[in-house]
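*Asks:* Sharing a structure, written as structure tokens. Questions coming.
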Amino acid sequence: MLATARRNAARRVGSVRSTLAAPSGRSTAGAVGANVLTRQYGSTGGDPQTDRDTITRLLYSIGTKREVERYLRIFSTSANPSQPAKFAVIKVGGAVLDQIHELALSLNFLYRVGLYPVVVHGAGPQLNEIIEREGVVPDYIDGIRITDAKTLQIARRVFLEENLRLVGALEVLGARARPITSGVFTADFLDQAKYGLVGKITRVNKRPIEASIRAGAIPILTSLAETPEGQILNVNADIAAGEIAKELEPLKIVYLNEKGGLFHGVTGKKLDVINLDEEYDQLMKESWVKYGTKLKIREIKELLDHLPRSSSVAIISAEMLQKELFTDSGAGTLIRRGYKLFKHTSLESIGADRLRQVIHDRDPDVTSGSQSVSGALTQLKETPYTIYADEALDAVAIVSHPEDEVPVMTRLLPSRNGIMNNVVDNVFASIKKDHKRLFWTARADDENRPWHFERADGSFTRAGRSLFWYGIQDVSEVERLVHNLESKGRIERSYLPVGPAPRHSSASVGAQGGLPGGTRSFSTFATRRSSLGLHTAGVRGYATAVGPQPKVALIGARGFTGQALVSLLNTHPQLSLSHVSSRQLAGMPLTEYTKDAITYENLSLSDVERMERERTVDAWVLALPNGLAQPYVQALDAAHIESAAGSGERSVVVDLSADFRFAEKEGWAYGLPELYGNRAALRTARKIANPGCYATSMQLLLAPLLPVLDRSRPPTVFGMSGYSGAGTVAGVADPDGRPVTLPKVTPTTLSGGVRPYSLTDHIHEREAAYHLGTAAEGMAFVPAVGSWFSGISSVASVPLAHKMSARDIRELYETKYAGEPLIELRKDVPSLGEIQNRHGWVFGGIQVHSGGHRVVVAGGLDNLLKGAATQCVQNLNLALGLDEFAGIPTMLSQ
């Protein structure tokens with residue numbers, strides 16, 4: 001069955017790629033991928049965005065839409081104009097060049113979706129054929145080719161020919177490619193007496209590679225190097241690709257070979273995964289691991305030891321490249337350092353503080369405010385338990401298992417890194433080895449819900465929560481066990497009877513705590529249809545509905561933030577602005593909004609209550625000064641109470657002031673999606689407090705460092721903002737009678753300099769400390785206003801609990817923000833020009849004090865965008881069921 005599935009997958013990949021085999025036109029010179037610059041990439045003669053959309057849909061045939069869109073988003077945000085080569089390094093074995101059309105199709109596919117891999121190729125088989133024909137017998141030591149002058153002469157000619165052949169094959173398909181045959185690798189002799197003209201790479205010059213990508217061409221490299229004196233040296237292509245990867249630190253490292261992976265030399269079976277930390281020593285002792293295979297594995301280990309633990313190398317065939325890149329299952333052989341798994345039966349063995357931090361950051365019940373961290377830990381101690389986790393705690397599972405009772409997985413807490421690197425699958429496999437039967441629950445809005453369905457034999461959903469199980473096939477046994485679990489308080493929610501709940505009207509479902517919008521309970525089962533109506537497994541139905549665009553009302557539209565929000569909504573593909581309220585501008589047209597004719601209104605509290613009661617809009621945005629939002633919220637609440645006998649539904653409200661940023665107990669969600677596992681809560685939230693601009697940057701700076709923070713010494717953050725952050729006043733009217741919006745603080749009043757203010761107890765200091773959970777220890781924040789319009793630069797000085805290096809710190813940030821399209825890491829301190837008018841958060845300049853116990857990191861954002869309007873759109877998208885980043889330019893398209 002598995003072999004059949006793989007053959008079908010291969011067919012699907014082949015059919016997808018064949019669609020691109022006959023372009024109707026060549027790409028235009030000077031074009032570049034949309035993921036790096038804003039110029040168009042070469043297309044088949046049609047619209048580039050249409051090409052990309054079409055190819056994206058074709059990708060759905062090899063993986064789920066969720067998988068494809070997630071990986072496209074991650075890859076598309078991996079590069080930027082200063083570091084354009086961060087997507088992937090692909091090493092092409094010489095044997096693969098004999099299938100050059102297949103290889104060109106796969107690379108062309110990436111080109112069409114705006115992705116630019118760095119390609120390094122060998123030409124071993126082609127070289128052997130020619131030198132044998134010319135009477136030279138190939139010779140190797142430890143898998144390294146002995147290279148004399150004649151062999152090098154032939155090698156150089158062969159490498160150049162194969163390089164141009166690949167470039168030509170790509171250009172025939174309409175993809176631009178650039179041959180790079182020198183100027184990248186500088187080398188010394190590896191051991192001239194032993195190996196001859198073979199090099200050991202000492203330096204990688206990435207400028208020709210980056211120049212190629214900026215020009216819109218895939219860089220195609222040979223593995224020839226030069227000494228500082230100009231002597232050409234032969235370098236193993238695997239080693240050359242590894243050195244490139246060390247320099248670029250790409251998201252993906254792929255080795256293409258004709259076999260499609262590594263195979264066991266005795267059994268002949270393909271090795272799906274090699275975890276080097278656990279298997280390397282034994283693997284290198286195997287009699288069948290020799291010559292080139294031994295060299296390849298040794299070089300890959302050295303490469304991965306140099307890179308972050310989340311890095312891996314995939315060895316696959318050319319035709320399976322898309323499946324490897326865009327699906328969770330991948331293809332070929334995956335080589336990684338691995339994640340050693342541990343089992344803990346006490347808090348002391350795992351570390352109570354470490355587990356407490358994981359629960360604080362990832363547990364959806366804690367992040368939504370329905371349970372506290374201390375409550376979760378107290379509940380943990382009520383029965384015997386085992387904590388399954390990897391060393392880095394990228395995946396943590398807690399299983400309660402009283403003697404002679406069915407075990408329950410009470411918590412499954414993976415990080416993004418744990419999901420991307422399948423650590424959570426390894427943890428779950430370890431649980432399955434220990435427990436033949438298991439129950440667990442998950443929220444119905446869990447973004448990883450398909451993962452649970454795929455691993456369960458059956459499930460049942462009611463009142464916004466799903467119950468899953470494996471190892472039990474009889475429905476009556478499921479009911480008996482669930483009854484026992486509920487009676488002993490081991491499952492909090494009521495799932496009995498195990499079957500569809502009685503049908504209610506939407507009103508009564510809402511009143512009884514059902515799913516939003518009157519969604520009914522449902523159940524699935526993996527073996528057969530039962531008398532209770534449980535569905536057979538394999539295919540689970542779903543339905544979608546497309547309606548009119550959600551409408552947004554904006555109160556407080558005159559200020560700079562309101563103006564920025566209007567601009568974003570004007571280009572948003574799925575939201576429409578229907579009402580804007582401003583006392584000073586009432587009756588005047590909103591000329592900045594072109595999707596519809598909008599006139600400023602002066603909405604009273606009674607207007608707001610009436611509109612909410614009539615469901616005139618789907619969302620409200622309050623862009624008012626601090627202290628002025630409460631009356632509007634009360635009006636919305638009054639309308640909701642009044643309509644409770646009806647549908648019970650209410651519009652979303654996003655408040656941009658500081659009034660409700662500490663009001664979780666009053667039903668407010670904190671709208672910082674990148675932290676605290678907030679996305680799940682924001683998807684069901686009706687009231688959202690948009691974070692402050694300084695507070696956003698401070699939290700993003702400090703959150704990755706919380707596990708290593710020296711809690712006895714508070715961190716310090718110094719922040720400087722453009723003068724737009726100080727607010728606005730209405731100036732004199734223009735010739736049309738429209739009041740002009742002016743800043744409260746101007747460069748003139750600042751004398752062209754900066755002015756520190758609110759030197760203690762700034763509201764954003766309290767906000768950041770509160771949500772980071774460091775309020776008890778305290779933190780210091782010193783703000784200043786500068787003579788530029790917008791943009792915040794923040795510098796954090798953070799004491800560390802133990803000695804660390806800058807690489808250690810960088811790895812913490814990379815792990816925390818992996819795949820976040822609005823967060824960008826730079827090598828140096830971000831300049832003001834790299835912050836202004838951008839929709840995300842940029843950080844860099846990581847430096848650790850010589851003593852190793854203090855780190856300084858700089859970050860920045862535009863206070864009107866990611867510090868306000870952009871973050872507001874993120875929250876609206878999530879709460880209204882849209883893609884979080886709809887209508888928001890990614891960091892790389894700006």
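Lettering and numbering for the structure tokens are positional, with chains as A, B, ... in the shown order, residues counted from 1 in each chain, and ligands counted from 1 in the shown order.
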Name the residues in contact with range 565-572 of chain A at a cut-off of 12 Å, using only C-alpha atoms, excluding same-chain residues fewer than 2 positions from it; report them as a PyMOL selection string.

*Replies:* chain A and resi 549-563+574-581+590-598+621-623+656+839+864-874+876-877+882-889

*Asks:* Can you tell me, as a tab-separated table (two decimals) with C-alpha atoms, in the first residue's frame, which residues in range 115-297 of chain A count as strand (DSSP E or B) by DSSP?

*Replies:*
```tsv
chain	number	residue	atom	x	y	z
A	118	VAL	CA	21.56	28.13	-5.24
A	119	VAL	CA	22.54	25.15	-7.43
A	120	VAL	CA	25.95	23.46	-7.10
A	121	HIS	CA	26.68	20.57	-9.44
A	140	TYR	CA	40.23	7.56	-5.19
A	141	ILE	CA	41.46	7.71	-1.61
A	144	ILE	CA	38.33	11.75	-2.83
A	145	ARG	CA	39.38	11.76	-6.50
A	147	THR	CA	43.54	14.82	-9.42
A	177	ALA	CA	19.89	31.10	-15.04
A	178	ARG	CA	23.44	32.38	-14.67
A	179	PRO	CA	26.57	30.18	-15.04
A	180	ILE	CA	29.04	30.84	-12.22
A	185	PHE	CA	35.46	29.33	-3.77
A	186	THR	CA	38.94	30.14	-2.52
A	187	ALA	CA	40.92	27.07	-1.44
A	188	ASP	CA	44.29	25.74	-0.28
A	189	PHE	CA	45.67	22.36	-1.25
A	196	GLY	CA	47.18	16.19	-6.04
A	198	VAL	CA	42.39	18.90	-4.78
A	199	GLY	CA	41.32	21.88	-2.71
A	200	LYS	CA	40.13	22.53	0.81
A	201	ILE	CA	37.81	25.53	0.72
A	202	THR	CA	38.94	28.38	2.97
A	203	ARG	CA	36.57	31.14	1.89
A	204	VAL	CA	33.24	31.52	0.11
A	218	ILE	CA	19.11	31.07	-10.70
A	219	PRO	CA	22.86	30.79	-9.91
A	220	ILE	CA	24.41	27.57	-11.30
A	221	LEU	CA	27.82	26.83	-9.72
A	222	THR	CA	30.58	24.35	-10.48
A	224	LEU	CA	36.01	24.30	-8.91
A	225	ALA	CA	38.04	26.54	-6.61
A	226	GLU	CA	41.12	28.75	-6.91
A	232	ILE	CA	42.51	25.97	-10.09
A	233	LEU	CA	41.70	23.09	-7.73
A	234	ASN	CA	39.12	20.32	-7.86
A	252	LYS	CA	16.63	23.96	2.95
A	253	ILE	CA	19.67	21.92	1.92
A	254	VAL	CA	18.96	19.32	-0.75
A	255	TYR	CA	21.28	16.78	-2.36
A	256	LEU	CA	19.90	15.36	-5.62
A	263	PHE	CA	19.94	2.84	0.75
A	270	LYS	CA	15.84	3.17	1.55
A	273	VAL	CA	15.58	9.33	8.30
A	274	ILE	CA	19.06	9.40	9.80
A	275	ASN	CA	19.36	11.03	13.23
```

*Asks:* Can you tell me which residues surround Leu438 in chain A at a distance of at most 9 Å, considering only C-alpha atoms, apart from same-chain residues fewer than 5 positions away, and format the answer as a ChimeraX atom specification?

*Replies:* /A:399,406-409,431-432,468-472

*Asks:* From range 645-777 of chain A, collect each residue whose DSSP state is helix (DSSP H, G or I) and return the set as JSON, numbers by chain.

*Replies:* {"A": [664, 665, 666, 678, 679, 680, 681, 682, 683, 684, 693, 694, 695, 696, 697, 698, 699, 700, 701, 702, 703, 704, 705, 706, 707, 708, 723, 724, 725, 726, 763, 764, 765, 766, 767, 768, 769, 770, 771, 772]}

*Asks:* Which residue is closest to Leu413 in chain A? Choose from A:Arg336, A:Arg462, A:Met284, A:Gly677 and count only C-alpha atoms.

*Replies:*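 Using only C-alpha atoms, Leu413 in chain A sits closest to A:Gly677.
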
*Asks:* May I have the residues within 8 Å of Ile688 in chain A as number ranges by chain, using only C-alpha atoms and disregarding those fewer than 5 positions away in the same chain?

*Replies:* A: 652-655, 668-671, 682, 875

*Asks:* Please, could you write that set of residues out with N, CA, C and O atoms as an mmCIF file, in the first residue's frame?

*Replies:*
```cif
data_model
loop_
_atom_site.group_PDB
_atom_site.id
_atom_site.type_symbol
_atom_site.label_atom_id
_atom_site.label_comp_id
_atom_site.auth_asym_id
_atom_site.auth_seq_id
_atom_site.Cartn_x
_atom_site.Cartn_y
_atom_site.Cartn_z
ATOM 1 N N VAL A 652 -16.754 41.933 15.891
ATOM 2 C CA VAL A 652 -15.412 42.012 16.457
ATOM 3 C C VAL A 652 -15.098 43.478 16.744
ATOM 4 O O VAL A 652 -15.486 44.362 15.969
ATOM 5 N N VAL A 653 -14.422 43.746 17.833
ATOM 6 C CA VAL A 653 -13.946 45.103 18.111
ATOM 7 C C VAL A 653 -12.452 45.031 18.412
ATOM 8 O O VAL A 653 -12.003 44.205 19.207
ATOM 9 N N VAL A 654 -11.682 45.855 17.721
ATOM 10 C CA VAL A 654 -10.244 45.970 17.965
ATOM 11 C C VAL A 654 -9.977 47.381 18.477
ATOM 12 O O VAL A 654 -10.274 48.367 17.792
ATOM 13 N N ASP A 655 -9.451 47.458 19.682
ATOM 14 C CA ASP A 655 -9.157 48.762 20.298
ATOM 15 C C ASP A 655 -7.663 49.032 20.190
ATOM 16 O O ASP A 655 -6.841 48.223 20.639
ATOM 17 N N TRP A 668 -11.075 40.249 26.987
ATOM 18 C CA TRP A 668 -10.259 40.850 25.929
ATOM 19 C C TRP A 668 -9.073 39.950 25.617
ATOM 20 O O TRP A 668 -8.373 39.491 26.522
ATOM 21 N N ALA A 669 -8.850 39.696 24.335
ATOM 22 C CA ALA A 669 -7.662 38.972 23.883
ATOM 23 C C ALA A 669 -6.579 39.993 23.543
ATOM 24 O O ALA A 669 -6.867 41.078 23.043
ATOM 25 N N TYR A 670 -5.337 39.620 23.817
ATOM 26 C CA TYR A 670 -4.208 40.510 23.532
ATOM 27 C C TYR A 670 -3.681 40.191 22.136
ATOM 28 O O TYR A 670 -3.278 39.070 21.845
ATOM 29 N N GLY A 671 -3.700 41.202 21.267
ATOM 30 C CA GLY A 671 -3.497 40.980 19.843
ATOM 31 C C GLY A 671 -2.068 41.029 19.344
ATOM 32 O O GLY A 671 -1.764 41.803 18.435
ATOM 33 N N LEU A 682 -7.110 34.394 19.215
ATOM 34 C CA LEU A 682 -7.567 35.506 18.380
ATOM 35 C C LEU A 682 -8.578 35.054 17.330
ATOM 36 O O LEU A 682 -9.431 35.829 16.905
ATOM 37 N N ASN A 875 -5.063 41.133 13.321
ATOM 38 C CA ASN A 875 -6.069 40.721 14.291
ATOM 39 C C ASN A 875 -7.457 40.634 13.667
ATOM 40 O O ASN A 875 -8.231 39.713 13.968
#
```

*Asks:* Which residues are close to Ser790 in chain A, i.e. within 9 Å by only C-alpha atoms, leaving aside same-chain residues fewer than 3 positions away? Reply as an NGL selection string.

*Replies:* :A and (721-725 or 835-837 or 861-864)

*Asks:* Do a neighbour search on Met804 in chain A at 7 Å with only C-alpha atoms, toss out local chain neighbours closer than 4 positions, and write the hits as an MDAnalysis selection string.

*Replies:* chainID A and resid 808 852:853

*Asks:* Contacts of range 90-104 of chain A at 8 Å or less, counting only C-alpha atoms, minus same-chain residues fewer than 4 places along, as a list in words?

*Replies:*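 The residues satisfying every condition are Asn108, Pro117, Val118, Val119, Val120, His121, Gly122, Ala123, Gly124, Pro125, Gln126, Glu162, Leu166, Ala169, Leu170, Leu173, Ala237, Asp238, Ala241, Ile253, Val254, Tyr255, Leu256, Asn257, Glu258, Ser317, Ala318 and Glu319 of chain A.
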
*Asks:* Can I get the selection written as a PDB file, in the first residue's frame, with C-alpha atoms?

*Replies:*
```pdb
ATOM      1  CA  ASN A 108      11.871  25.833 -13.399  1.00  0.00           C
ATOM      2  CA  PRO A 117      17.775  28.082  -5.127  1.00  0.00           C
ATOM      3  CA  VAL A 118      21.565  28.132  -5.243  1.00  0.00           C
ATOM      4  CA  VAL A 119      22.539  25.153  -7.428  1.00  0.00           C
ATOM      5  CA  VAL A 120      25.949  23.459  -7.102  1.00  0.00           C
ATOM      6  CA  HIS A 121      26.680  20.571  -9.443  1.00  0.00           C
ATOM      7  CA  GLY A 122      29.305  17.895  -9.864  1.00  0.00           C
ATOM      8  CA  ALA A 123      30.089  15.896 -12.997  1.00  0.00           C
ATOM      9  CA  GLY A 124      31.742  12.715 -11.707  1.00  0.00           C
ATOM     10  CA  PRO A 125      30.257  10.142 -14.103  1.00  0.00           C
ATOM     11  CA  GLN A 126      30.773  12.394 -17.124  1.00  0.00           C
ATOM     12  CA  GLU A 162      27.723  20.524 -18.003  1.00  0.00           C
ATOM     13  CA  LEU A 166      21.984  22.985 -17.415  1.00  0.00           C
ATOM     14  CA  ALA A 169      17.954  23.624 -20.416  1.00  0.00           C
ATOM     15  CA  LEU A 170      16.494  26.096 -17.922  1.00  0.00           C
ATOM     16  CA  LEU A 173      11.817  26.463 -20.338  1.00  0.00           C
ATOM     17  CA  ALA A 237      30.707  18.904  -5.012  1.00  0.00           C
ATOM     18  CA  ASP A 238      29.187  17.698  -1.724  1.00  0.00           C
ATOM     19  CA  ALA A 241      27.603  22.643  -1.386  1.00  0.00           C
ATOM     20  CA  ILE A 253      19.671  21.915   1.922  1.00  0.00           C
ATOM     21  CA  VAL A 254      18.962  19.315  -0.750  1.00  0.00           C
ATOM     22  CA  TYR A 255      21.276  16.781  -2.363  1.00  0.00           C
ATOM     23  CA  LEU A 256      19.897  15.358  -5.617  1.00  0.00           C
ATOM     24  CA  ASN A 257      20.995  11.909  -6.717  1.00  0.00           C
ATOM     25  CA  GLU A 258      19.665   9.453  -9.271  1.00  0.00           C
ATOM     26  CA  SER A 317      15.722  12.497  -6.782  1.00  0.00           C
ATOM     27  CA  ALA A 318      15.091  15.460  -9.058  1.00  0.00           C
ATOM     28  CA  GLU A 319      11.522  14.475  -9.870  1.00  0.00           C
TER      29      GLU A 319
END
```

*Asks:* Please indicate the distance in Å from CA of Thr716 in chain A to CA of Ala796 in chain A, rounded to one decimal place.

*Replies:*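 Those two atoms sit 5.7 Å apart.
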
*Asks:* Could you check the closest approach to Asn163 in chain A for each of A:Ala818, A:His802, A:Arg661, A:Thr181 and tell me which residue wins, using only C-alpha atoms?

*Replies:*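 Smallest distance to Asn163 in chain A is found for A:Thr181.
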
*Asks:* Suppose you want the space between CA of Leu624 in chain A and CA of Ala663 in chain A; what is it in Å?

*Replies:*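 One can read the CA of Leu624 in chain A to CA of Ala663 in chain A distance as 17.5 Å.
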
*Asks:* From the list A:Val782, A:Ser374, A:Leu467, A:His306, which residue is nearest Arg807 in chain A when using only C-alpha atoms?

*Replies:*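 The answer is A:His306, which sits nearest to Arg807 in chain A.
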
*Asks:* What does the distance between CA of Val475 in chain A and CA of Trp440 in chain A come to in Å, to one decimal place?

*Replies:*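 Between these atoms lies a distance of 16.3 Å.
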
*Asks:* Ranking A:Val856, A:Leu672, A:Ala726, A:Val158 by minimum distance to Leu822 in chain A and counting only C-alpha atoms, which one comes first?

*Replies:*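 When distances to Leu822 in chain A are compared using only C-alpha atoms, the smallest one comes from A:Leu672.
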
*Asks:* Closest to Ala685 in chain A among A:Asp445, A:Asp404, A:Asp191, A:Glu811, using only C-alpha atoms?

*Replies:*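 Of A:Asp445, A:Asp404, A:Asp191, A:Glu811, the one nearest Ala685 in chain A is A:Asp445, counting only C-alpha atoms.
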
*Asks:* Measuring atom to atom with only C-alpha atoms, identify which of A:Glu767, A:Glu614, A:Glu129, A:Asp637 is nearest to Thr696 in chain A.

*Replies:* A:Glu767
